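This is input_18.csv (CSV, C-alpha atoms and all ligand atoms).
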```csv
chain,number,residue,atom,x,y,z
A,96,MET,CA,124.5,117.5,155.0
A,97,SER,CA,123.4,113.9,156.0
A,98,ASP,CA,119.8,114.7,155.0
A,99,ALA,CA,121.0,116.1,151.7
A,100,PHE,CA,123.2,113.1,151.0
A,101,LYS,CA,120.3,110.7,151.9
A,102,SER,CA,117.8,112.3,149.6
A,103,ALA,CA,120.4,112.4,146.8
A,104,ASP,CA,121.1,108.7,147.3
A,105,GLU,CA,117.4,107.8,147.3
A,106,ALA,CA,116.9,109.9,144.1
A,107,GLU,CA,119.8,108.0,142.5
A,108,GLY,CA,118.1,104.7,143.5
A,109,ALA,CA,114.9,105.8,141.9
A,110,LEU,CA,116.7,106.8,138.7
A,111,GLN,CA,118.6,103.5,138.5
A,112,ALA,CA,115.3,101.6,139.0
A,113,ALA,CA,113.7,103.6,136.1
A,114,ILE,CA,116.7,102.8,133.9
A,115,GLN,CA,116.7,99.1,134.8
A,116,GLU,CA,112.9,98.9,134.1
A,117,ASN,CA,113.4,100.5,130.7
A,118,TYR,CA,116.2,98.2,129.7
A,119,THR,CA,114.4,95.0,130.8
A,120,GLY,CA,111.1,96.2,129.3
A,121,VAL,CA,112.5,97.6,126.1
A,122,ARG,CA,110.4,95.4,123.9
A,123,VAL,CA,107.2,96.4,125.7
A,124,VAL,CA,108.1,100.0,125.4
A,125,ARG,CA,108.7,99.8,121.7
A,126,ALA,CA,105.8,97.5,121.0
A,127,PHE,CA,103.4,100.0,122.5
A,128,GLY,CA,105.2,103.1,121.2
A,129,ARG,CA,105.7,104.4,124.7
A,130,GLU,CA,109.2,105.9,124.0
A,131,LYS,CA,108.1,109.4,124.6
A,132,TYR,CA,106.3,108.6,127.9
A,133,GLU,CA,109.3,106.6,129.1
A,134,MET,CA,111.7,109.4,128.1
A,135,GLU,CA,109.6,111.9,130.0
A,136,LYS,CA,109.6,109.5,133.0
A,137,PHE,CA,113.4,109.2,132.8
A,138,ASP,CA,113.8,113.0,132.5
A,139,GLU,CA,111.6,113.6,135.6
A,140,LYS,CA,113.6,111.2,137.7
A,141,ASN,CA,116.9,112.5,136.3
A,142,ASP,CA,115.8,116.1,137.0
A,143,GLY,CA,114.9,115.1,140.5
A,144,TYR,CA,118.3,113.5,141.0
A,145,VAL,CA,120.1,116.5,139.5
A,146,ALA,CA,118.2,118.9,141.8
A,147,LYS,CA,119.2,116.8,144.8
A,148,VAL,CA,122.9,116.6,143.7
A,149,ILE,CA,122.9,120.4,143.2
A,150,LYS,CA,121.6,120.8,146.7
A,151,VAL,CA,124.4,118.6,148.0
A,152,SER,CA,127.0,120.6,146.0
A,153,GLU,CA,125.5,123.9,147.3
A,154,GLY,CA,125.8,122.7,150.9
A,155,MET,CA,129.4,121.6,150.4
A,156,SER,CA,130.4,124.8,148.5
A,157,PHE,CA,128.9,126.8,151.4
A,158,PHE,CA,130.7,124.9,154.1
A,159,TRP,CA,134.0,124.7,152.3
A,160,SER,CA,134.1,128.3,151.2
A,161,VAL,CA,133.0,129.6,154.7
A,162,GLY,CA,135.6,127.2,156.3
A,163,ASP,CA,138.3,128.5,153.9
A,164,ALA,CA,137.3,132.1,154.5
A,165,ILE,CA,137.5,131.7,158.3
A,166,ALA,CA,140.9,130.0,157.9
A,167,GLY,CA,142.2,132.9,155.7
A,168,LEU,CA,140.7,135.4,158.2
A,169,GLN,CA,142.6,133.8,161.0
A,170,LEU,CA,145.9,134.1,159.1
A,171,MET,CA,145.1,137.7,158.3
A,172,LEU,CA,144.5,138.4,162.0
A,173,VAL,CA,147.8,136.7,163.0
A,174,ILE,CA,149.7,138.8,160.4
A,175,ALA,CA,148.0,142.1,161.4
A,176,PHE,CA,148.5,141.5,165.1
A,177,GLY,CA,152.1,140.1,164.5
A,178,VAL,CA,153.1,143.1,162.4
A,179,TYR,CA,151.7,145.5,165.0
A,180,ARG,CA,153.6,143.7,167.8
A,181,CYS,CA,156.9,143.7,165.7
A,182,VAL,CA,156.6,147.4,164.9
A,183,SER,CA,155.7,148.3,168.5
A,184,GLY,CA,158.7,146.3,169.7
A,185,GLY,CA,156.8,143.7,171.7
A,186,MET,CA,158.0,140.8,169.5
A,187,THR,CA,161.0,139.9,167.3
A,188,VAL,CA,160.5,139.3,163.6
A,189,GLY,CA,162.0,135.8,164.2
A,190,THR,CA,159.3,134.9,166.8
A,191,PHE,CA,156.6,136.2,164.6
A,192,THR,CA,157.7,134.3,161.6
A,193,THR,CA,157.9,131.1,163.6
A,194,PHE,CA,154.5,131.7,165.1
A,195,TYR,CA,153.0,132.4,161.7
A,196,SER,CA,154.5,129.3,160.1
A,197,TYR,CA,153.2,127.1,162.9
A,198,THR,CA,149.7,128.7,162.7
A,199,SER,CA,149.5,128.1,158.9
A,200,MET,CA,150.7,124.5,159.4
A,201,MET,CA,147.9,123.9,161.9
A,202,ILE,CA,145.1,125.6,160.0
A,203,TRP,CA,145.2,123.4,156.9
A,204,PRO,CA,144.9,120.0,158.6
A,205,ILE,CA,142.0,121.4,160.6
A,206,ARG,CA,140.4,122.6,157.4
A,207,GLN,CA,140.9,119.2,155.9
A,208,LEU,CA,139.2,117.7,159.0
A,209,GLY,CA,136.1,119.6,158.0
A,210,ARG,CA,136.1,117.9,154.6
A,211,ILE,CA,136.7,114.5,156.2
A,212,ILE,CA,133.7,115.0,158.4
A,213,THR,CA,131.5,115.8,155.4
A,214,SER,CA,132.7,112.7,153.6
A,215,MET,CA,132.1,110.7,156.8
A,216,SER,CA,128.4,111.8,156.8
A,217,LYS,CA,128.1,110.6,153.2
A,218,ALA,CA,129.7,107.3,154.1
A,219,THR,CA,127.4,106.9,157.1
A,220,VAL,CA,124.3,107.5,154.9
A,221,SER,CA,125.5,104.8,152.5
A,222,ALA,CA,126.4,102.4,155.3
A,223,ASN,CA,123.0,102.9,156.8
A,224,ARG,CA,121.3,102.0,153.6
A,225,ILE,CA,123.3,98.8,153.3
A,226,HIS,CA,122.5,98.0,157.0
A,227,GLU,CA,118.8,98.4,156.2
A,228,VAL,CA,119.2,95.2,154.1
A,229,LEU,CA,121.6,93.4,156.4
A,230,ARG,CA,119.4,94.1,159.4
A,231,VAL,CA,116.5,92.0,158.1
A,232,GLU,CA,116.3,88.8,160.1
A,233,PRO,CA,117.0,85.7,158.1
A,234,GLU,CA,114.2,83.1,158.0
A,235,ASN,CA,114.3,80.7,160.8
A,236,MET,CA,114.3,77.3,159.1
A,237,ASP,CA,115.1,75.0,162.1
A,238,GLU,CA,112.0,74.8,164.2
A,239,VAL,CA,110.2,72.1,166.3
A,240,ASN,CA,110.1,69.0,164.2
A,241,GLU,CA,106.8,67.2,164.4
A,242,ASN,CA,107.0,63.6,163.2
A,243,MET,CA,105.2,63.8,160.0
A,244,ASN,CA,104.1,61.0,157.7
A,245,LEU,CA,105.6,61.8,154.3
A,246,PRO,CA,104.4,62.5,151.7
A,247,PHE,CA,101.5,64.6,153.1
A,248,SER,CA,98.0,63.4,152.5
A,249,SER,CA,95.5,66.1,153.5
A,250,ILE,CA,95.3,69.9,153.7
A,251,GLU,CA,92.9,71.9,155.7
A,252,PHE,CA,92.4,75.7,155.7
A,253,ARG,CA,90.5,76.7,158.9
A,254,ASN,CA,89.1,80.3,159.1
A,255,VAL,CA,92.2,81.6,157.4
A,256,LYS,CA,92.6,85.3,157.7
A,257,PHE,CA,95.5,87.1,156.3
A,258,SER,CA,96.7,90.6,155.4
A,259,TYR,CA,100.1,91.8,154.1
A,260,ARG,CA,99.6,95.2,155.6
A,261,ASP,CA,97.6,96.1,158.7
A,262,GLY,CA,94.0,96.9,157.9
A,263,GLU,CA,94.2,95.6,154.3
A,264,SER,CA,92.6,92.2,154.6
A,265,VAL,CA,93.4,89.8,151.7
A,266,LEU,CA,91.9,86.6,153.0
A,267,LYS,CA,88.8,86.5,155.3
A,268,ASN,CA,87.7,83.3,156.9
A,269,VAL,CA,88.8,81.0,154.1
A,270,SER,CA,88.1,77.3,155.0
A,271,PHE,CA,88.4,74.2,152.8
A,272,ASP,CA,89.6,70.6,153.0
A,273,VAL,CA,91.6,68.8,150.4
A,274,GLY,CA,92.0,65.0,150.9
A,275,LYS,CA,94.4,62.6,149.3
A,276,GLY,CA,94.0,62.3,145.5
A,277,GLN,CA,91.6,65.3,145.4
A,278,THR,CA,92.2,68.3,143.1
A,279,LEU,CA,91.1,71.7,144.0
A,280,GLY,CA,90.7,74.6,141.6
A,281,ILE,CA,90.3,78.1,142.9
A,282,LEU,CA,88.8,80.8,140.8
A,283,GLY,CA,88.7,84.5,141.6
A,284,GLU,CA,89.2,88.0,140.4
A,285,THR,CA,92.7,89.4,140.0
A,286,GLY,CA,94.0,90.3,143.4
A,287,SER,CA,91.5,88.1,145.3
A,288,GLY,CA,94.2,86.2,147.0
A,289,LYS,CA,94.7,82.9,145.1
A,290,SER,CA,98.5,83.1,145.0
A,291,THR,CA,98.4,84.2,148.6
A,292,ILE,CA,96.8,80.8,149.5
A,293,ALA,CA,99.8,79.0,147.8
A,294,TYR,CA,102.3,81.3,149.6
A,295,LEU,CA,100.7,80.6,153.0
A,296,LEU,CA,100.7,76.9,152.4
A,297,THR,CA,104.5,76.9,151.9
A,298,ARG,CA,105.0,79.5,154.8
A,299,LEU,CA,106.5,82.2,152.6
A,300,TYR,CA,104.3,84.2,154.9
A,301,ASP,CA,103.1,83.1,158.4
A,302,LEU,CA,99.6,83.3,159.8
A,303,ALA,CA,99.4,85.5,162.8
A,304,GLU,CA,95.6,85.7,163.5
A,305,GLU,CA,94.1,83.9,166.5
A,306,GLY,CA,91.9,80.9,165.4
A,307,SER,CA,93.2,81.0,161.9
A,308,GLU,CA,95.2,78.0,160.9
A,309,ILE,CA,96.3,75.7,158.1
A,310,LEU,CA,96.7,72.0,158.9
A,311,ILE,CA,98.5,69.4,157.0
A,312,ASP,CA,97.5,65.9,158.2
A,313,GLY,CA,96.0,67.6,161.2
A,314,VAL,CA,99.2,69.3,162.2
A,315,ASN,CA,99.4,73.1,162.3
A,316,ILE,CA,101.9,74.1,159.6
A,317,ASN,CA,103.5,76.6,162.0
A,318,ASN,CA,104.8,73.4,163.7
A,319,ILE,CA,106.2,71.9,160.5
A,320,PRO,CA,109.7,73.1,159.6
A,321,LYS,CA,109.8,75.2,156.5
A,322,SER,CA,112.5,73.0,155.0
A,323,VAL,CA,110.1,69.9,155.3
A,324,LEU,CA,107.2,71.8,153.9
A,325,ARG,CA,109.0,73.2,150.9
A,326,SER,CA,110.8,70.0,150.0
A,327,HIS,CA,107.4,68.2,149.9
A,328,ILE,CA,105.2,70.8,148.2
A,329,SER,CA,105.9,71.8,144.6
A,330,LEU,CA,105.0,75.3,143.7
A,331,VAL,CA,104.7,76.5,140.1
A,332,LEU,CA,104.8,80.2,140.5
A,333,GLN,CA,102.7,82.6,138.4
A,334,GLU,CA,105.8,84.4,137.0
A,335,PRO,CA,108.1,81.9,135.4
A,336,PHE,CA,111.8,82.3,136.3
A,337,LEU,CA,114.8,80.8,134.6
A,338,TYR,CA,118.4,81.1,135.7
A,339,SER,CA,120.9,82.0,133.0
A,340,LYS,CA,122.4,78.5,133.2
A,341,THR,CA,121.9,75.3,131.2
A,342,ILE,CA,118.5,73.7,130.8
A,343,LYS,CA,119.7,70.8,132.9
A,344,GLU,CA,120.8,73.1,135.7
A,345,ASN,CA,117.4,74.9,135.6
A,346,ILE,CA,115.5,71.6,135.9
A,347,THR,CA,117.7,70.3,138.7
A,348,ALA,CA,118.0,73.6,140.6
A,349,PRO,CA,115.7,72.5,143.4
A,350,ASP,CA,117.3,69.0,143.8
A,351,LEU,CA,120.9,68.6,142.6
A,352,SER,CA,120.8,64.9,143.1
A,353,VAL,CA,118.5,64.3,140.1
A,354,GLY,CA,120.2,61.9,137.8
A,355,GLU,CA,120.1,61.7,134.0
A,356,GLU,CA,117.2,59.3,133.8
A,357,GLU,CA,115.0,61.3,136.2
A,358,LEU,CA,115.9,64.5,134.3
A,359,TYR,CA,114.5,63.1,131.1
A,360,GLN,CA,111.4,61.9,132.9
A,361,LEU,CA,110.8,65.3,134.4
A,362,ALA,CA,111.3,66.9,131.0
A,363,GLU,CA,108.8,64.5,129.5
A,364,ILE,CA,106.2,65.4,132.1
A,365,ALA,CA,106.7,69.0,131.4
A,366,ASP,CA,106.5,68.2,127.7
A,367,ILE,CA,109.8,69.8,126.7
A,368,HIS,CA,112.0,66.8,126.2
A,369,ASP,CA,111.5,66.7,122.4
A,370,ALA,CA,112.0,70.4,122.0
A,371,VAL,CA,115.2,70.3,124.1
A,372,MET,CA,116.6,67.4,122.0
A,373,LYS,CA,116.4,69.6,118.9
A,374,PHE,CA,118.9,72.1,120.3
A,375,THR,CA,122.5,71.3,119.3
A,376,GLU,CA,123.7,71.5,122.9
A,377,ARG,CA,120.5,69.6,124.1
A,378,TYR,CA,120.3,69.8,127.9
A,379,ASP,CA,123.5,71.8,128.1
A,380,THR,CA,122.0,74.7,126.1
A,381,ILE,CA,122.5,77.9,128.0
A,382,VAL,CA,119.1,79.4,128.7
A,383,GLY,CA,120.2,83.0,128.8
A,384,GLU,CA,118.9,85.6,131.1
A,385,ARG,CA,115.2,84.9,131.9
A,386,GLY,CA,115.1,82.3,129.2
A,387,VAL,CA,115.5,84.7,126.3
A,388,THR,CA,117.5,82.3,124.1
A,389,LEU,CA,114.8,79.7,124.2
A,390,SER,CA,111.6,81.1,122.9
A,391,GLY,CA,113.4,83.9,121.0
A,392,ASP,CA,115.3,81.3,118.9
A,393,ARG,CA,113.9,82.1,115.5
A,394,ASN,CA,116.5,80.0,113.6
A,395,ARG,CA,115.3,76.8,115.0
A,396,GLY,CA,111.6,77.9,115.1
A,397,LEU,CA,111.3,76.3,118.6
A,398,ARG,CA,109.1,77.4,121.3
A,399,LEU,CA,109.2,75.8,124.8
A,400,PRO,CA,106.0,75.8,126.8
A,401,GLY,CA,106.1,78.3,129.6
A,402,CYS,CA,109.2,80.1,128.4
A,501,LIG,N1,104.0,91.1,148.9
A,501,LIG,C1,102.8,91.8,149.0
A,501,LIG,N2,102.7,92.9,149.8
A,501,LIG,C2,101.6,93.5,149.9
A,501,LIG,N3,100.4,93.2,149.2
A,501,LIG,C3,100.5,92.1,148.4
A,501,LIG,C4,101.6,91.4,148.3
A,501,LIG,N4,101.4,90.3,147.4
A,501,LIG,C5,100.1,90.5,147.1
A,501,LIG,N5,99.5,91.6,147.7
A,501,LIG,C6,98.1,92.0,147.6
A,501,LIG,O1,97.3,91.0,148.1
A,501,LIG,C7,96.2,90.8,147.2
A,501,LIG,C8,96.1,89.4,146.8
A,501,LIG,O2,97.1,89.1,145.9
A,501,LIG,P1,97.3,87.7,145.2
A,501,LIG,O3,98.6,87.8,144.4
A,501,LIG,O4,97.2,86.6,146.1
A,501,LIG,O5,96.1,87.7,144.2
A,501,LIG,P2,95.7,86.6,143.0
A,501,LIG,O6,94.3,86.2,143.4
A,501,LIG,O7,96.7,85.6,142.9
A,501,LIG,O8,95.7,87.6,141.8
A,501,LIG,P3,96.0,87.2,140.2
A,501,LIG,O9,94.8,86.6,139.7
A,501,LIG,O10,96.3,88.5,139.6
A,501,LIG,O11,97.2,86.3,140.2
A,501,LIG,C9,96.3,91.9,146.1
A,501,LIG,O12,95.5,93.0,146.5
A,501,LIG,C10,97.7,92.2,146.1
A,501,LIG,O13,97.9,93.5,145.7
A,502,MG,MG,98.1,85.0,141.5
```
Could you quickly redo this structure as structure tokens?
Ligand SMILES: Nc1ncnc2c1ncn2[C@@H]1O[C@H](COP(=O)(O)OP(=O)(O)OP(=O)(O)O)[C@@H](O)[C@H]1O
Ligand SMILES: [Mg+2]
Amino acid sequence: MSDAFKSADEAEGALQAAIQENYTGVRVVRAFGREKYEMEKFDEKNDGYVAKVIKVSEGMSFFWSVGDAIAGLQLMLVIAFGVYRCVSGGMTVGTFTTFYSYTSMMIWPIRQLGRIITSMSKATVSANRIHEVLRVEPENMDEVNENMNLPFSSIEFRNVKFSYRDGESVLKNVSFDVGKGQTLGILGETGSGKSTIAYLLTRLYDLAEEGSEILIDGVNINNIPKSVLRSHISLVLQEPFLYSKTIKENITAPDLSVGEEELYQLAEIADIHDAVMKFTERYDTIVGERGVTLSGDRNRGLRLPGC
């Protein structure tokens, strides 16, 4: 039953993922007229889920009916044998009735136990799936602290080799130097590893290969605490992400100590200050999930860069 519960749970997960994808990507689906394809995709996942749930129900109905049949059979045997003993004079009707009522009182809790054991295996499957997430080790943020001069002034990639999965090399012997005040642009095909370089620099992934290292001011970044690295390197990710909070809270999310003046300066740099000031709520405008209320605001005809 555990296996059946597990695959039903996984099928439910896949179905939920398909539903979520369809809701979040509803505009894309409609814009490209992909309704039919998406409906077929949903049906396929749904059928898969239904088949798995039916398998679970079949298993349960088999165990329960067999369990009940055996329980009934036991009572039948007790009655048959009891009647025989009463008729042949080996037992009084009173003793038989008492024995019979005790037996029937015992059988039902035992039968119930079978159902509880089935529910337990379902609970164990669910608990294991939660544990898969809880078992992941949290990132270790407090490591050896090298005395660094801040802010950093130079970056060196030395024979950097990296792969996300064994055998699928993403970066092969990448080496470059960037000195203070220099700007480096990296061009490459989709999937060539440009974003990976930025992730490695902030230690979202660690380098494991021998002889492959990233140095900041001559110090191997594996010896620089992640907290120091991440508070001194700004990363503008490829996929923009906005919290469904106010514009102000979104700007100050990485550093809550940012004051009013600095907030305006930052907005000026990002070239959104004037646009924000046109909203009635200004910096207190709620951005909405993933920024939908900003660029989707047709009434005001406003469009924020990057939103
Ligand atoms: N978390 C991950 N797990 C496994 N493979 C990944 C992961 N992230 C990226 N990859 C793979 O690593 C390779 C490099 O990805 P990366 O995102 O660095 O490319 P990119 O140069 O930034 O591409 P793009 O121009 O599309 O942004 C790709 O083949 C990608 O599929
Ligand atoms: Mg990229």
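Residues in contact with ligand LIG 501 (chain A) (atom pairs separated by at most 6 Å; only C-alpha atoms and all ligand atoms) are Tyr259, Val265, Glu284, Thr285, Gly286, Ser287, Gly288, Lys289, Ser290 and Thr291 of chain A.
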Check: By how many Å are CA of Phe336 (chain A) and CA of Lys140 (chain A) apart?
Finding: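 CA of Lys140 (chain A) lies 29.0 Å from CA of Phe336 (chain A).
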Next item on the list: Kindly give the distance, in Å, that separates CA of Val173 (chain A) and CA of Trp203 (chain A), rounded to a single decimal.
Entry: 14.9 Å
Note to self: Using all atoms listed in the file, which protein or nucleic acid residues come within 12 Å of Leu279 (chain A)? Drop anything in the same chain fewer than 4 positions from it, and give the result as a PyMOL selection string.
What the structure shows: chain A and resi 249-251+271-275+289+293
Please save C-alpha atoms of the selected residues as a tab-separated table (two decimals), in the coordinates of the input.
```
chain	number	residue	atom	x	y	z
A	249	SER	CA	95.50	66.10	153.50
A	250	ILE	CA	95.30	69.90	153.70
A	251	GLU	CA	92.90	71.90	155.70
A	271	PHE	CA	88.40	74.20	152.80
A	272	ASP	CA	89.60	70.60	153.00
A	273	VAL	CA	91.60	68.80	150.40
A	274	GLY	CA	92.00	65.00	150.90
A	275	LYS	CA	94.40	62.60	149.30
A	289	LYS	CA	94.70	82.90	145.10
A	293	ALA	CA	99.80	79.00	147.80
```
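With CA of Gly154 (chain A) on one side and CA of Thr213 (chain A) on the other, the separation reads 10.0 Å.
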Next item on the list: Would you please work out which residue, of A:Gly108, A:Gly276, A:Gly283, A:Gly177, is nearest to ligand MG 502 (chain A) when using only C-alpha atoms and all ligand atoms?
Entry: A:Gly283
Notebook entry, point to check: Between A:Ser326, A:Asn315, A:Gln169, A:Ser97, which one has atoms that come closest to Asp350 (chain A), using all atoms listed in the file?
Noted result: A:Ser326
Note to self: Taking all atoms listed in the file into account, name the residue in A:Asn235, A:Gln333, A:Ser270, A:Thr119 that is nearest to Arg298 (chain A).
What the structure shows: A:Asn235
Next item on the list: Name the residues in contact with Phe191 (chain A) at a cut-off of 12 Å, using all atoms listed in the file, excluding same-chain residues fewer than 5 positions from it; report them as a list in words.
Entry: Val173, Ile174, Ala175, Phe176, Gly177, Val178, Tyr179, Arg180, Cys181, Val182, Gly184, Gly185, Met186, Ser196, Tyr197 and Thr198 of chain A
Your completed region 287-306 of chain A with N, CA, C and O atoms, as a short mmCIF file (atom, residue, chain, number, x, y, z; two decimals), in the frame of the given file:
```
data_model
loop_
_atom_site.label_atom_id
_atom_site.label_comp_id
_atom_site.auth_asym_id
_atom_site.auth_seq_id
_atom_site.Cartn_x
_atom_site.Cartn_y
_atom_site.Cartn_z
N SER A 287 92.38 88.64 144.23
CA SER A 287 91.50 88.10 145.30
C SER A 287 92.19 87.27 146.29
O SER A 287 91.61 86.91 147.31
N GLY A 288 93.43 86.91 146.03
CA GLY A 288 94.20 86.20 147.00
C GLY A 288 94.51 84.73 146.72
O GLY A 288 94.88 83.95 147.61
N LYS A 289 94.40 84.33 145.44
CA LYS A 289 94.70 82.90 145.10
C LYS A 289 96.14 82.57 145.30
O LYS A 289 96.45 81.57 145.92
N SER A 290 97.02 83.42 144.78
CA SER A 290 98.50 83.10 145.00
C SER A 290 98.81 83.18 146.44
O SER A 290 99.66 82.40 146.90
N THR A 291 98.16 84.07 147.17
CA THR A 291 98.40 84.20 148.60
C THR A 291 98.18 82.85 149.31
O THR A 291 98.94 82.46 150.20
N ILE A 292 97.13 82.13 148.87
CA ILE A 292 96.80 80.80 149.50
C ILE A 292 98.03 79.88 149.29
O ILE A 292 98.45 79.20 150.22
N ALA A 293 98.61 79.89 148.08
CA ALA A 293 99.80 79.00 147.80
C ALA A 293 100.98 79.47 148.63
O ALA A 293 101.73 78.63 149.14
N TYR A 294 101.15 80.78 148.80
CA TYR A 294 102.30 81.30 149.60
C TYR A 294 102.15 80.88 151.05
O TYR A 294 103.13 80.51 151.70
N LEU A 295 100.90 80.94 151.56
CA LEU A 295 100.70 80.60 153.00
C LEU A 295 100.95 79.12 153.21
O LEU A 295 101.49 78.73 154.23
N LEU A 296 100.58 78.31 152.21
CA LEU A 296 100.70 76.90 152.40
C LEU A 296 102.23 76.48 152.47
O LEU A 296 102.57 75.51 153.14
N THR A 297 103.11 77.24 151.84
CA THR A 297 104.50 76.90 151.90
C THR A 297 105.24 77.83 152.95
O THR A 297 106.46 77.85 153.02
N ARG A 298 104.46 78.56 153.72
CA ARG A 298 105.00 79.50 154.80
C ARG A 298 105.95 80.52 154.24
O ARG A 298 106.94 80.83 154.90
N LEU A 299 105.67 81.01 153.03
CA LEU A 299 106.50 82.20 152.60
C LEU A 299 106.02 83.36 153.43
O LEU A 299 106.75 84.31 153.63
N TYR A 300 104.78 83.27 153.93
CA TYR A 300 104.30 84.20 154.90
C TYR A 300 103.64 83.39 156.03
O TYR A 300 103.09 82.33 155.75
N ASP A 301 103.73 83.86 157.29
CA ASP A 301 103.10 83.10 158.40
C ASP A 301 101.81 83.70 158.81
O ASP A 301 101.62 84.91 158.76
N LEU A 302 100.90 82.82 159.25
CA LEU A 302 99.60 83.30 159.80
C LEU A 302 99.80 83.79 161.18
O LEU A 302 100.51 83.17 161.96
N ALA A 303 99.20 84.93 161.49
CA ALA A 303 99.40 85.50 162.80
C ALA A 303 98.07 85.55 163.61
O ALA A 303 98.06 85.62 164.83
N GLU A 304 96.93 85.51 162.87
CA GLU A 304 95.60 85.70 163.50
C GLU A 304 95.24 84.53 164.41
O GLU A 304 95.46 83.37 164.06
N GLU A 305 94.65 84.86 165.55
CA GLU A 305 94.10 83.90 166.50
C GLU A 305 93.01 83.06 165.81
O GLU A 305 92.17 83.64 165.13
N GLY A 306 92.99 81.73 165.96
CA GLY A 306 91.90 80.90 165.40
C GLY A 306 91.97 80.68 163.94
O GLY A 306 91.07 80.07 163.35
#
```
